[in-house]
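*Asks:* My structure file data-v8.cif, mmCIF, C-alpha atoms, is below:
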data_structure
loop_
_atom_site.label_atom_id
_atom_site.label_comp_id
_atom_site.auth_asym_id
_atom_site.auth_seq_id
_atom_site.Cartn_x
_atom_site.Cartn_y
_atom_site.Cartn_z
CA MET R 1 -99.78 -77.04 -43.22
CA SER R 2 -103.19 -75.40 -42.80
CA ILE R 3 -106.17 -75.62 -40.47
CA VAL R 4 -109.60 -74.05 -40.68
CA ILE R 5 -111.80 -73.51 -37.64
CA LYS R 6 -115.39 -73.54 -38.88
CA ASN R 7 -118.59 -71.89 -37.68
CA GLY R 8 -117.38 -70.56 -34.32
CA ARG R 9 -118.25 -67.26 -32.72
CA VAL R 10 -115.06 -65.32 -33.33
CA ILE R 11 -114.27 -62.76 -30.63
CA ASP R 12 -111.18 -60.63 -31.24
CA PRO R 13 -111.10 -57.45 -29.13
CA ALA R 14 -108.05 -56.19 -31.03
CA SER R 15 -110.11 -55.79 -34.19
CA GLN R 16 -113.46 -55.39 -32.42
CA THR R 17 -114.68 -58.58 -34.10
CA ASP R 18 -117.61 -60.52 -32.65
CA ARG R 19 -119.40 -62.64 -35.25
CA VAL R 20 -119.85 -66.20 -36.48
CA ALA R 21 -117.08 -66.92 -39.00
CA ASP R 22 -114.32 -69.30 -40.01
CA VAL R 23 -110.64 -68.81 -39.17
CA LEU R 24 -108.08 -70.06 -41.66
CA ILE R 25 -104.45 -70.58 -40.67
CA VAL R 26 -101.85 -71.35 -43.31
CA ASP R 27 -98.17 -71.97 -42.59
CA GLY R 28 -98.57 -70.87 -38.98
CA ARG R 29 -100.19 -67.52 -39.73
CA VAL R 30 -103.78 -66.25 -39.82
CA ALA R 31 -104.81 -66.19 -43.49
CA GLY R 32 -108.34 -64.90 -42.99
CA VAL R 33 -111.42 -64.53 -40.80
CA ALA R 34 -114.62 -64.74 -42.83
CA PRO R 35 -117.55 -67.05 -43.61
CA ASN R 36 -117.07 -70.14 -45.78
CA LEU R 37 -113.27 -70.31 -45.78
CA SER R 38 -111.43 -73.38 -47.01
CA SER R 39 -108.01 -74.51 -48.16
CA PRO R 40 -106.81 -77.65 -49.96
CA LYS R 41 -105.80 -80.40 -47.54
CA ALA R 42 -106.62 -78.21 -44.54
CA GLU R 43 -107.49 -79.87 -41.26
CA VAL R 44 -111.04 -78.91 -40.34
CA PHE R 45 -112.29 -78.29 -36.81
CA ASP R 46 -116.02 -77.66 -36.35
CA ALA R 47 -116.43 -75.00 -33.66
CA THR R 48 -120.20 -74.66 -33.93
CA GLY R 49 -121.55 -73.32 -30.64
CA MET R 50 -118.05 -72.47 -29.40
CA ILE R 51 -116.01 -69.30 -28.94
CA VAL R 52 -112.93 -68.84 -31.10
CA ALA R 53 -110.48 -66.27 -29.75
CA PRO R 54 -106.87 -65.17 -30.22
CA GLY R 55 -104.53 -67.39 -28.26
CA PHE R 56 -104.77 -66.69 -24.53
CA ILE R 57 -101.69 -65.26 -22.78
CA ASP R 58 -100.73 -65.97 -19.17
CA MET R 59 -98.22 -63.31 -18.21
CA HIS R 60 -97.34 -64.83 -14.82
CA VAL R 61 -96.35 -68.47 -14.40
CA HIS R 62 -93.61 -70.39 -12.62
CA LEU R 63 -92.18 -73.20 -14.75
CA ARG R 64 -89.47 -74.02 -12.16
CA GLU R 65 -86.85 -75.02 -14.76
CA PRO R 66 -83.90 -74.86 -14.33
CA GLY R 67 -83.34 -76.15 -10.82
CA PHE R 68 -86.72 -77.34 -9.55
CA GLU R 69 -87.72 -79.89 -12.17
CA HIS R 70 -89.23 -82.12 -9.48
CA ALA R 71 -92.04 -79.54 -9.21
CA GLU R 72 -92.43 -78.58 -12.88
CA THR R 73 -90.56 -78.47 -16.15
CA ILE R 74 -90.91 -76.22 -19.15
CA GLU R 75 -92.41 -79.17 -21.01
CA SER R 76 -94.94 -80.20 -18.34
CA GLY R 77 -95.89 -76.61 -17.56
CA SER R 78 -96.44 -75.86 -21.23
CA ARG R 79 -98.72 -78.90 -21.54
CA ALA R 80 -100.73 -77.70 -18.55
CA ALA R 81 -100.95 -74.29 -20.22
CA ALA R 82 -102.25 -75.82 -23.46
CA ALA R 83 -104.85 -77.80 -21.51
CA GLY R 84 -105.98 -74.53 -19.96
CA GLY R 85 -106.38 -72.82 -23.32
CA PHE R 86 -103.17 -70.77 -23.13
CA THR R 87 -100.96 -70.43 -26.19
CA SER R 88 -98.33 -68.16 -24.61
CA VAL R 89 -96.91 -67.97 -21.08
CA CYS R 90 -94.37 -65.68 -19.42
CA CYS R 91 -92.22 -67.45 -16.84
CA MET R 92 -90.90 -65.82 -13.68
CA PRO R 93 -87.17 -65.84 -12.84
CA ASN R 94 -87.16 -67.61 -9.46
CA THR R 95 -85.36 -70.66 -10.79
CA LYS R 96 -82.05 -72.16 -9.65
CA PRO R 97 -79.92 -70.41 -10.68
CA VAL R 98 -82.10 -67.31 -10.76
CA ASN R 99 -82.72 -65.99 -14.26
CA ASP R 100 -80.55 -62.92 -13.72
CA SER R 101 -78.21 -63.30 -16.70
CA ALA R 102 -78.26 -63.81 -20.44
CA THR R 103 -76.96 -67.35 -19.89
CA VAL R 104 -80.03 -68.48 -17.97
CA THR R 105 -82.40 -66.53 -20.21
CA SER R 106 -80.88 -68.19 -23.28
CA TYR R 107 -81.19 -71.62 -21.65
CA ILE R 108 -84.92 -71.09 -21.05
CA VAL R 109 -85.48 -69.84 -24.60
CA GLU R 110 -83.66 -72.80 -26.10
CA ARG R 111 -85.25 -75.35 -23.78
CA ALA R 112 -88.70 -73.97 -24.62
CA ARG R 113 -87.94 -74.12 -28.33
CA ARG R 114 -87.17 -77.81 -28.00
CA LYS R 115 -89.69 -78.98 -25.39
CA ALA R 116 -92.61 -76.57 -25.00
CA VAL R 117 -95.91 -77.01 -26.85
CA VAL R 118 -96.84 -73.34 -26.30
CA ASN R 119 -94.88 -70.10 -26.64
CA VAL R 120 -92.68 -69.44 -23.60
CA PHE R 121 -91.35 -65.94 -22.89
CA PRO R 122 -88.83 -65.50 -20.04
CA ILE R 123 -89.00 -62.74 -17.46
CA GLY R 124 -85.60 -61.73 -16.11
CA ALA R 125 -84.76 -60.82 -12.52
CA ILE R 126 -84.56 -57.20 -11.36
CA THR R 127 -81.59 -57.84 -9.08
CA LYS R 128 -78.77 -60.36 -8.96
CA GLY R 129 -80.02 -63.52 -7.29
CA SER R 130 -83.27 -61.62 -6.65
CA ALA R 131 -81.52 -60.46 -3.49
CA GLY R 132 -82.74 -56.88 -3.87
CA GLU R 133 -79.31 -55.29 -3.69
CA GLU R 134 -77.55 -55.06 -7.06
CA LEU R 135 -79.24 -54.75 -10.45
CA ALA R 136 -79.11 -57.78 -12.73
CA ALA R 137 -77.80 -57.68 -16.30
CA ILE R 138 -81.03 -56.22 -17.64
CA GLY R 139 -79.79 -55.24 -21.10
CA ALA R 140 -78.12 -58.58 -21.73
CA MET R 141 -81.23 -60.47 -20.62
CA LYS R 142 -83.41 -58.43 -22.95
CA GLU R 143 -81.08 -59.20 -25.84
CA ALA R 144 -81.29 -62.90 -24.96
CA GLY R 145 -85.10 -62.85 -24.95
CA ALA R 146 -86.39 -61.50 -21.63
CA MET R 147 -89.67 -59.62 -22.08
CA ALA R 148 -89.88 -58.00 -18.63
CA ILE R 149 -88.07 -57.86 -15.29
CA SER R 150 -89.32 -58.96 -11.87
CA ASP R 151 -88.11 -60.37 -8.57
CA ASP R 152 -91.53 -61.93 -8.08
CA GLY R 153 -91.91 -63.53 -4.66
CA LEU R 154 -89.04 -61.41 -3.33
CA PRO R 155 -90.13 -57.77 -3.46
CA VAL R 156 -87.48 -55.12 -3.93
CA MET R 157 -87.48 -53.55 -0.48
CA SER R 158 -85.00 -50.74 -1.14
CA ALA R 159 -86.65 -47.66 -2.66
CA ARG R 160 -83.28 -46.60 -4.04
CA VAL R 161 -82.73 -49.92 -5.83
CA MET R 162 -86.29 -49.85 -7.13
CA ARG R 163 -85.85 -46.34 -8.50
CA ARG R 164 -82.70 -47.40 -10.37
CA ALA R 165 -84.43 -50.53 -11.64
CA MET R 166 -87.31 -48.45 -12.99
CA GLU R 167 -84.89 -46.12 -14.71
CA PHE R 168 -83.16 -49.07 -16.37
CA ALA R 169 -86.49 -50.66 -17.28
CA ARG R 170 -87.58 -47.44 -18.94
CA SER R 171 -84.33 -47.10 -20.88
CA TYR R 172 -84.71 -50.66 -22.19
CA ASP R 173 -88.47 -50.26 -22.73
CA LEU R 174 -89.30 -53.21 -20.50
CA PRO R 175 -92.17 -53.50 -18.03
CA LEU R 176 -91.17 -53.90 -14.39
CA ILE R 177 -93.39 -56.35 -12.52
CA GLN R 178 -93.49 -56.11 -8.74
CA HIS R 179 -94.77 -58.49 -6.07
CA CYS R 180 -96.07 -55.81 -3.70
CA GLU R 181 -95.32 -56.83 -0.15
CA ASP R 182 -93.61 -54.96 2.66
CA LEU R 183 -91.69 -57.79 4.25
CA ASN R 184 -91.42 -55.95 7.55
CA LEU R 185 -95.21 -55.91 7.84
CA SER R 186 -95.80 -59.45 6.58
CA ALA R 187 -92.92 -61.15 8.38
CA GLY R 188 -93.89 -64.61 9.65
CA GLY R 189 -97.43 -64.42 8.28
CA ASP R 190 -99.22 -67.42 6.80
CA MET R 191 -102.65 -66.10 5.78
CA HIS R 192 -104.67 -62.89 5.60
CA GLU R 193 -104.76 -61.01 8.89
CA GLY R 194 -108.37 -61.07 10.06
CA ALA R 195 -110.91 -62.91 12.15
CA ASN R 196 -110.07 -66.30 10.65
CA SER R 197 -106.33 -65.98 11.28
CA VAL R 198 -107.13 -65.24 14.92
CA ARG R 199 -109.67 -68.07 15.09
CA TRP R 200 -107.20 -70.61 13.68
CA GLY R 201 -104.20 -69.33 15.59
CA LEU R 202 -102.21 -68.53 12.43
CA ARG R 203 -100.00 -65.51 11.93
CA GLY R 204 -101.58 -62.88 9.71
CA ILE R 205 -100.41 -60.92 6.66
CA PRO R 206 -102.15 -57.53 6.76
CA ALA R 207 -103.54 -55.96 3.61
CA ALA R 208 -101.40 -52.95 4.47
CA ALA R 209 -98.28 -54.95 3.55
CA GLU R 210 -99.43 -54.83 -0.08
CA ASP R 211 -100.83 -51.31 0.10
CA VAL R 212 -97.67 -49.69 1.49
CA MET R 213 -95.46 -51.18 -1.23
CA ALA R 214 -97.93 -50.34 -3.98
CA ALA R 215 -98.09 -46.71 -2.82
CA ARG R 216 -94.30 -46.38 -2.74
CA ASP R 217 -93.85 -47.91 -6.17
CA LEU R 218 -96.56 -45.86 -7.82
CA LEU R 219 -94.83 -42.72 -6.62
CA LEU R 220 -91.53 -44.01 -8.03
CA ALA R 221 -93.25 -44.89 -11.31
CA GLU R 222 -94.45 -41.29 -11.52
CA LEU R 223 -90.91 -40.09 -10.82
CA THR R 224 -89.23 -42.33 -13.40
CA GLY R 225 -91.89 -42.77 -16.08
CA ALA R 226 -91.37 -46.54 -16.02
CA ARG R 227 -93.93 -49.05 -17.25
CA TYR R 228 -94.87 -50.49 -13.86
CA HIS R 229 -97.08 -53.52 -13.28
CA ILE R 230 -98.42 -54.95 -10.01
CA ALA R 231 -98.62 -58.73 -9.97
CA HIS R 232 -101.56 -60.61 -8.40
CA ILE R 233 -103.24 -57.54 -6.90
CA SER R 234 -105.46 -58.50 -3.95
CA THR R 235 -106.52 -55.53 -1.81
CA ARG R 236 -109.14 -52.84 -2.27
CA ASN R 237 -106.69 -50.03 -1.48
CA ALA R 238 -104.08 -51.25 -3.97
CA VAL R 239 -106.76 -51.53 -6.65
CA ALA R 240 -107.94 -47.98 -5.91
CA MET R 241 -104.39 -46.63 -6.12
CA VAL R 242 -103.74 -48.28 -9.49
CA ASP R 243 -107.04 -46.98 -10.82
CA TYR R 244 -106.16 -43.45 -9.67
CA ALA R 245 -102.66 -43.64 -11.19
CA ARG R 246 -104.02 -44.86 -14.52
CA LYS R 247 -106.50 -42.00 -14.61
CA GLN R 248 -103.59 -39.61 -14.08
CA GLY R 249 -102.03 -40.99 -17.25
CA LEU R 250 -99.24 -43.02 -15.65
CA PRO R 251 -98.11 -46.16 -17.59
CA VAL R 252 -99.09 -48.51 -14.77
CA SER R 253 -101.15 -51.69 -14.78
CA CYS R 254 -102.07 -54.70 -12.65
CA GLU R 255 -103.25 -58.27 -12.97
CA ALA R 256 -105.70 -60.33 -10.93
CA THR R 257 -105.52 -64.08 -10.34
CA PRO R 258 -108.50 -66.44 -10.55
CA HIS R 259 -108.07 -67.52 -6.93
CA HIS R 260 -108.21 -63.91 -5.70
CA PHE R 261 -111.44 -63.12 -7.54
CA ALA R 262 -113.01 -66.54 -6.88
CA LEU R 263 -112.16 -67.05 -3.19
CA SER R 264 -111.81 -65.12 0.04
CA ASP R 265 -110.41 -66.12 3.41
CA GLN R 266 -113.97 -67.12 4.33
CA ASP R 267 -113.76 -69.96 1.78
CA MET R 268 -110.59 -71.50 3.17
CA ALA R 269 -110.65 -75.02 4.55
CA PRO R 270 -108.88 -74.74 7.92
CA TYR R 271 -105.18 -75.63 7.78
CA ASP R 272 -105.48 -76.92 4.18
CA SER R 273 -102.17 -76.05 2.54
CA ASN R 274 -103.82 -75.87 -0.89
CA TYR R 275 -105.26 -72.55 0.25
CA LYS R 276 -101.90 -71.06 1.16
CA MET R 277 -100.58 -68.52 -1.34
CA LYS R 278 -99.06 -65.05 -1.54
CA PRO R 279 -100.75 -62.68 -1.52
CA PRO R 280 -103.07 -64.64 0.74
CA LEU R 281 -106.78 -65.01 0.09
CA ARG R 282 -108.12 -61.69 1.31
CA SER R 283 -111.36 -60.55 2.91
CA VAL R 284 -114.76 -60.70 1.24
CA ARG R 285 -114.57 -56.93 0.82
CA ASP R 286 -111.17 -57.11 -0.88
CA ARG R 287 -112.35 -59.87 -3.20
CA ALA R 288 -115.37 -57.78 -4.20
CA ALA R 289 -113.10 -54.80 -4.93
CA VAL R 290 -110.92 -56.92 -7.23
CA VAL R 291 -114.00 -58.17 -9.12
CA GLU R 292 -115.29 -54.61 -9.43
CA ALA R 293 -111.91 -53.43 -10.75
CA ILE R 294 -111.91 -56.21 -13.36
CA ALA R 295 -115.37 -55.16 -14.51
CA ALA R 296 -114.47 -51.45 -14.54
CA GLY R 297 -111.29 -51.90 -16.57
CA ALA R 298 -108.78 -51.02 -13.84
CA VAL R 299 -107.29 -54.53 -14.07
CA SER R 300 -105.46 -55.15 -17.33
CA ALA R 301 -105.12 -58.93 -17.27
CA ILE R 302 -106.04 -62.18 -15.61
CA ALA R 303 -102.90 -64.18 -14.80
CA THR R 304 -102.65 -67.47 -12.94
CA ASP R 305 -99.45 -67.16 -10.86
CA HIS R 306 -99.20 -70.91 -11.53
CA ALA R 307 -96.89 -72.00 -8.70
CA PRO R 308 -96.29 -75.76 -8.60
CA HIS R 309 -94.97 -77.50 -5.47
CA PRO R 310 -94.64 -81.28 -5.04
CA GLY R 311 -96.62 -83.02 -2.34
CA SER R 312 -93.48 -83.69 -0.33
CA GLU R 313 -93.17 -79.93 0.20
CA LYS R 314 -96.77 -78.72 0.09
CA MET R 315 -98.40 -81.33 2.32
CA GLN R 316 -96.84 -80.17 5.56
CA GLU R 317 -98.18 -78.18 8.47
CA PHE R 318 -99.73 -74.93 7.25
CA GLU R 319 -97.03 -72.84 8.92
CA ARG R 320 -94.21 -74.81 7.26
CA CYS R 321 -95.43 -75.44 3.71
CA PRO R 322 -94.51 -73.12 0.81
CA PHE R 323 -96.87 -70.52 -0.65
CA GLY R 324 -98.52 -71.07 -4.03
CA ILE R 325 -101.01 -73.11 -6.05
CA ILE R 326 -101.22 -74.37 -9.63
CA GLY R 327 -103.79 -72.68 -11.83
CA LEU R 328 -103.24 -72.99 -15.57
CA GLU R 329 -105.94 -75.60 -16.19
CA THR R 330 -108.69 -73.95 -14.12
CA ALA R 331 -108.17 -70.24 -14.89
CA MET R 332 -110.52 -69.89 -17.83
CA ALA R 333 -113.27 -71.94 -16.19
CA LEU R 334 -113.08 -69.85 -13.01
CA ALA R 335 -113.26 -66.64 -15.03
CA LEU R 336 -116.31 -67.88 -16.90
CA GLN R 337 -118.02 -69.12 -13.76
CA GLU R 338 -117.23 -66.20 -11.45
CA LEU R 339 -117.26 -63.27 -13.88
CA VAL R 340 -119.21 -64.06 -17.06
CA HIS R 341 -122.01 -66.31 -15.81
CA THR R 342 -122.63 -63.95 -12.90
CA GLY R 343 -123.05 -61.03 -15.29
CA LYS R 344 -120.05 -59.11 -13.97
CA ILE R 345 -118.34 -58.91 -17.39
CA THR R 346 -119.09 -59.72 -21.02
CA LEU R 347 -117.46 -62.48 -23.05
CA SER R 348 -115.60 -59.83 -25.03
CA ARG R 349 -114.14 -58.41 -21.82
CA LEU R 350 -113.13 -61.91 -20.73
CA VAL R 351 -111.23 -62.47 -23.99
CA GLU R 352 -109.64 -59.02 -23.63
CA LEU R 353 -108.34 -59.91 -20.15
CA PHE R 354 -106.57 -62.96 -21.61
CA THR R 355 -105.36 -61.40 -24.89
CA THR R 356 -105.07 -57.67 -25.56
CA GLY R 357 -104.77 -56.94 -21.84
CA PRO R 358 -101.60 -58.94 -21.15
CA GLU R 359 -100.32 -58.05 -24.64
CA SER R 360 -100.57 -54.34 -23.78
CA VAL R 361 -98.23 -54.94 -20.83
CA MET R 362 -95.81 -57.51 -22.26
CA ARG R 363 -95.76 -56.52 -25.97
CA LEU R 364 -95.23 -60.05 -27.25
CA GLY R 365 -96.70 -59.40 -30.68
CA ARG R 366 -99.62 -61.75 -29.92
CA GLY R 367 -103.27 -61.51 -28.97
CA THR R 368 -104.95 -60.79 -32.31
CA LEU R 369 -106.48 -62.62 -35.28
CA ALA R 370 -105.50 -59.97 -37.83
CA THR R 371 -104.38 -61.34 -41.19
CA GLY R 372 -100.72 -62.27 -40.97
CA ALA R 373 -100.77 -62.63 -37.17
CA PHE R 374 -99.37 -65.71 -35.46
CA GLY R 375 -101.75 -68.65 -35.81
CA ASP R 376 -102.50 -69.00 -32.11
CA LEU R 377 -106.13 -69.76 -31.19
CA THR R 378 -108.07 -70.57 -28.06
CA ILE R 379 -111.34 -72.41 -28.59
CA PHE R 380 -113.69 -72.71 -25.64
CA SER R 381 -117.26 -73.37 -24.61
CA THR R 382 -119.34 -71.34 -22.20
CA GLU R 383 -121.64 -74.27 -21.38
CA LEU R 384 -119.36 -77.31 -21.24
CA SER R 385 -119.81 -79.18 -17.95
CA TRP R 386 -116.64 -80.80 -16.64
CA THR R 387 -115.01 -81.67 -13.35
CA TYR R 388 -111.41 -80.83 -12.55
CA ASP R 389 -109.43 -83.84 -11.36
CA VAL R 390 -106.05 -82.67 -10.11
CA ASN R 391 -104.65 -86.19 -10.45
CA GLN R 392 -105.19 -85.92 -14.21
CA SER R 393 -103.36 -82.59 -14.42
CA HIS R 394 -100.58 -82.16 -16.97
CA SER R 395 -98.56 -80.38 -14.28
CA ARG R 396 -96.05 -82.34 -12.23
CA SER R 397 -97.61 -80.89 -9.06
CA ARG R 398 -101.07 -81.26 -7.53
CA ASN R 399 -101.43 -78.23 -5.23
CA SER R 400 -104.86 -76.86 -6.15
CA PRO R 401 -107.86 -75.95 -3.97
CA PHE R 402 -110.18 -76.65 -6.92
CA ASP R 403 -109.77 -80.42 -7.11
CA GLY R 404 -113.18 -82.05 -7.65
CA LYS R 405 -114.87 -78.78 -8.61
CA THR R 406 -117.43 -79.00 -11.43
CA PHE R 407 -117.32 -76.09 -13.85
CA ARG R 408 -119.68 -74.63 -16.42
CA GLY R 409 -117.53 -73.66 -19.38
CA GLY R 410 -113.91 -74.24 -20.24
CA PRO R 411 -111.31 -74.81 -22.96
CA VAL R 412 -112.03 -77.19 -25.83
CA ALA R 413 -108.94 -76.90 -28.05
CA THR R 414 -105.67 -74.97 -28.26
CA VAL R 415 -103.89 -74.09 -31.51
CA VAL R 416 -100.30 -72.82 -31.52
CA GLY R 417 -98.67 -71.72 -34.75
CA GLY R 418 -101.38 -73.46 -36.74
CA GLU R 419 -100.94 -76.78 -34.94
CA MET R 420 -103.58 -78.18 -32.60
CA VAL R 421 -101.51 -78.94 -29.51
CA TRP R 422 -104.40 -79.93 -27.24
CA ARG R 423 -108.07 -80.79 -27.54
CA ARG R 424 -110.50 -82.04 -24.95
CA GLY R 425 -111.09 -85.76 -25.07
#
Starting from the coordinates I provided, produce the structure as structure tokens.

*Replies:*
Amino acid sequence: MSIVIKNGRVIDPASQTDRVADVLIVDGRVAGVAPNLSSPKAEVFDATGMIVAPGFIDMHVHLREPGFEHAETIESGSRAAAAGGFTSVCCMPNTKPVNDSATVTSYIVERARRKAVVNVFPIGAITKGSAGEELAAIGAMKEAGAMAISDDGLPVMSARVMRRAMEFARSYDLPLIQHCEDLNLSAGGDMHEGANSVRWGLRGIPAAAEDVMAARDLLLAELTGARYHIAHISTRNAVAMVDYARKQGLPVSCEATPHHFALSDQDMAPYDSNYKMKPPLRSVRDRAAVVEAIAAGAVSAIATDHAPHPGSEKMQEFERCPFGIIGLETAMALALQELVHTGKITLSRLVELFTTGPESVMRLGRGTLATGAFGDLTIFSTELSWTYDVNQSHSRSRNSPFDGKTFRGGPVATVVGGEMVWRRG
């Protein structure tokens, strides 16, 4: 089986490629990137006027399976990923049961092999049941296929447990991904602590809740030498601390979500549960700091934190509904609209944030178009005009604040292992 993508602008930060060329994939691997390529019986896709990039990686999604299939499944989540231009996703462990053992990790790997249309890489829990008390079977999970460890959504509050986790992560050469939140400071909060939380009578989550945990963990990362990654960074102080730590040579990194660089608490529709997520939408100043960090290189990756919830759970009073929004199908378009079209970053930097950036953290062996690499491609347009209709989403859930939004630019086709798994229209 072979496919040739013709006449696109090929951008591959891994090889510093940016030119009009063809990409040939044969038997699931990249066979060449050059002008005028062809192969007998190859499927041909004309990408004239489009960008052809290595397959995009989302290093932070929630696929909900096993245990919460009413919200999402590995199959439905992977189809949403493909429709968003992603060829690989890394799924968080807050399933039921929690992915804290080789048994659950193996189930996810096998289920993805059978049902997913994109590559799915599990992330194992840091602690048993993500309870923050006793370390999970980290070595066994790695052997079963876990690519990182995290208790995402349930931060490890004990500094002692976190230190031991970092030591284990270093010994197994795994990144440790932390949801930075001091639960004592954020307890009971529903949105960012500021003028709007006061105006609407909602309990606030101060930026300091993220900052305090980030500061503690960065000190522990220095102590242990662990590869430490902050998920969905959202405050100006946390961004500054990561930037400082990186400049000191520490193996630390962070990701930013599209909703945190596209929205602030000033953009929230009052009491609309589709705007409720953790970390919450922060202040205008925090949002600007995240955008600046993306442009300056302090942020390694854009990740969606795709967090599906069914309407029966999400459409409750703001104080009672769960945190989280879906984001796989709108991530690229938001990045183009908010970062590229505004002149904040170049197209090459955008591709880097979705390919070599997450690859540098997760080490999946993806994110390049070098000869012999996996035949994963993301094809997108910078000018395509389209409107996001959440009711047409491939996800099983509909919790997005971007329903009805018209975008300039977005995915056109997604190729995984040489097979076109999604194309617009």

*Asks:* Go through the shown structure with the PyMOL selection byres ((chain R and resi 336) around 8) and write out the matching residues as a ChimeraX atom specification.

*Replies:* /R:332-335,337-341,350,382,408-410

*Asks:* Give me, as a ChimeraX atom specification, all polymer residues having an atom no more than 12 Å from R:Leu328, counting all atoms listed in the file and skipping those fewer than 4 positions away in the same chain.

*Replies:* /R:56-63,76-89,257-259,302-308,332-335,388,390,393-395,397-400,402,410-411

*Asks:* For the contact check between stretch 50-93 of chain R and stretch 2-10 of chain R, emit one row per residue of stretch 50-93 of chain R within 8 Å, containing the shortest atom pair and the distance in Å rounded to one decimal, counting only C-alpha atoms, chain then rising number order, as a tab-separated table.

*Replies:*
residue	atom	partner	partner_atom	distance
R:Met50	CA	R:Gly8	CA	5.3
R:Ile51	CA	R:Arg9	CA	4.8
R:Val52	CA	R:Val10	CA	4.7
R:Ala53	CA	R:Val10	CA	5.9

*Asks:* Atom CA of R:Ile177 and atom CA of R:Pro310, how far apart in Å?

*Replies:*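 Taking atom CA of R:Pro310 as the start and atom CA of R:Ile177 as the end point, the length is 26.1 Å.
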
*Asks:* Rank R:Pro155, R:Gly194, R:Gly188, R:Gly145 by their smallest atom-to-atom distance to R:Ile230, using all atoms listed in the file, and report the top residue only.

*Replies:*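 When distances to R:Ile230 are compared using all atoms listed in the file, the smallest one comes from R:Pro155.
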
*Asks:* Applied to the shown file, which residues does the PyMOL selection byres ((chain R and resi 356-367) around 10) return, written as an MDAnalysis selection string?

*Replies:* chainID R and resid 12:14 53:60 87:88 90 121 123 147:148 174:177 227:229 251:255 297 299:303 349:355 368:370 373:377

*Asks:* Keeping C-alpha atoms for every residue in the selection just given, could you write it to a file as a CSV table (one decimal), in the coordinates of the input?

*Replies:*
chain,number,residue,atom,x,y,z
R,12,ASP,CA,-111.2,-60.6,-31.2
R,13,PRO,CA,-111.1,-57.4,-29.1
R,14,ALA,CA,-108.0,-56.2,-31.0
R,53,ALA,CA,-110.5,-66.3,-29.8
R,54,PRO,CA,-106.9,-65.2,-30.2
R,55,GLY,CA,-104.5,-67.4,-28.3
R,56,PHE,CA,-104.8,-66.7,-24.5
R,57,ILE,CA,-101.7,-65.3,-22.8
R,58,ASP,CA,-100.7,-66.0,-19.2
R,59,MET,CA,-98.2,-63.3,-18.2
R,60,HIS,CA,-97.3,-64.8,-14.8
R,87,THR,CA,-101.0,-70.4,-26.2
R,88,SER,CA,-98.3,-68.2,-24.6
R,90,CYS,CA,-94.4,-65.7,-19.4
R,121,PHE,CA,-91.4,-65.9,-22.9
R,123,ILE,CA,-89.0,-62.7,-17.5
R,147,MET,CA,-89.7,-59.6,-22.1
R,148,ALA,CA,-89.9,-58.0,-18.6
R,174,LEU,CA,-89.3,-53.2,-20.5
R,175,PRO,CA,-92.2,-53.5,-18.0
R,176,LEU,CA,-91.2,-53.9,-14.4
R,177,ILE,CA,-93.4,-56.4,-12.5
R,227,ARG,CA,-93.9,-49.0,-17.2
R,228,TYR,CA,-94.9,-50.5,-13.9
R,229,HIS,CA,-97.1,-53.5,-13.3
R,251,PRO,CA,-98.1,-46.2,-17.6
R,252,VAL,CA,-99.1,-48.5,-14.8
R,253,SER,CA,-101.2,-51.7,-14.8
R,254,CYS,CA,-102.1,-54.7,-12.6
R,255,GLU,CA,-103.2,-58.3,-13.0
R,297,GLY,CA,-111.3,-51.9,-16.6
R,299,VAL,CA,-107.3,-54.5,-14.1
R,300,SER,CA,-105.5,-55.2,-17.3
R,301,ALA,CA,-105.1,-58.9,-17.3
R,302,ILE,CA,-106.0,-62.2,-15.6
R,303,ALA,CA,-102.9,-64.2,-14.8
R,349,ARG,CA,-114.1,-58.4,-21.8
R,350,LEU,CA,-113.1,-61.9,-20.7
R,351,VAL,CA,-111.2,-62.5,-24.0
R,352,GLU,CA,-109.6,-59.0,-23.6
R,353,LEU,CA,-108.3,-59.9,-20.2
R,354,PHE,CA,-106.6,-63.0,-21.6
R,355,THR,CA,-105.4,-61.4,-24.9
R,368,THR,CA,-105.0,-60.8,-32.3
R,369,LEU,CA,-106.5,-62.6,-35.3
R,370,ALA,CA,-105.5,-60.0,-37.8
R,373,ALA,CA,-100.8,-62.6,-37.2
R,374,PHE,CA,-99.4,-65.7,-35.5
R,375,GLY,CA,-101.8,-68.6,-35.8
R,376,ASP,CA,-102.5,-69.0,-32.1
R,377,LEU,CA,-106.1,-69.8,-31.2
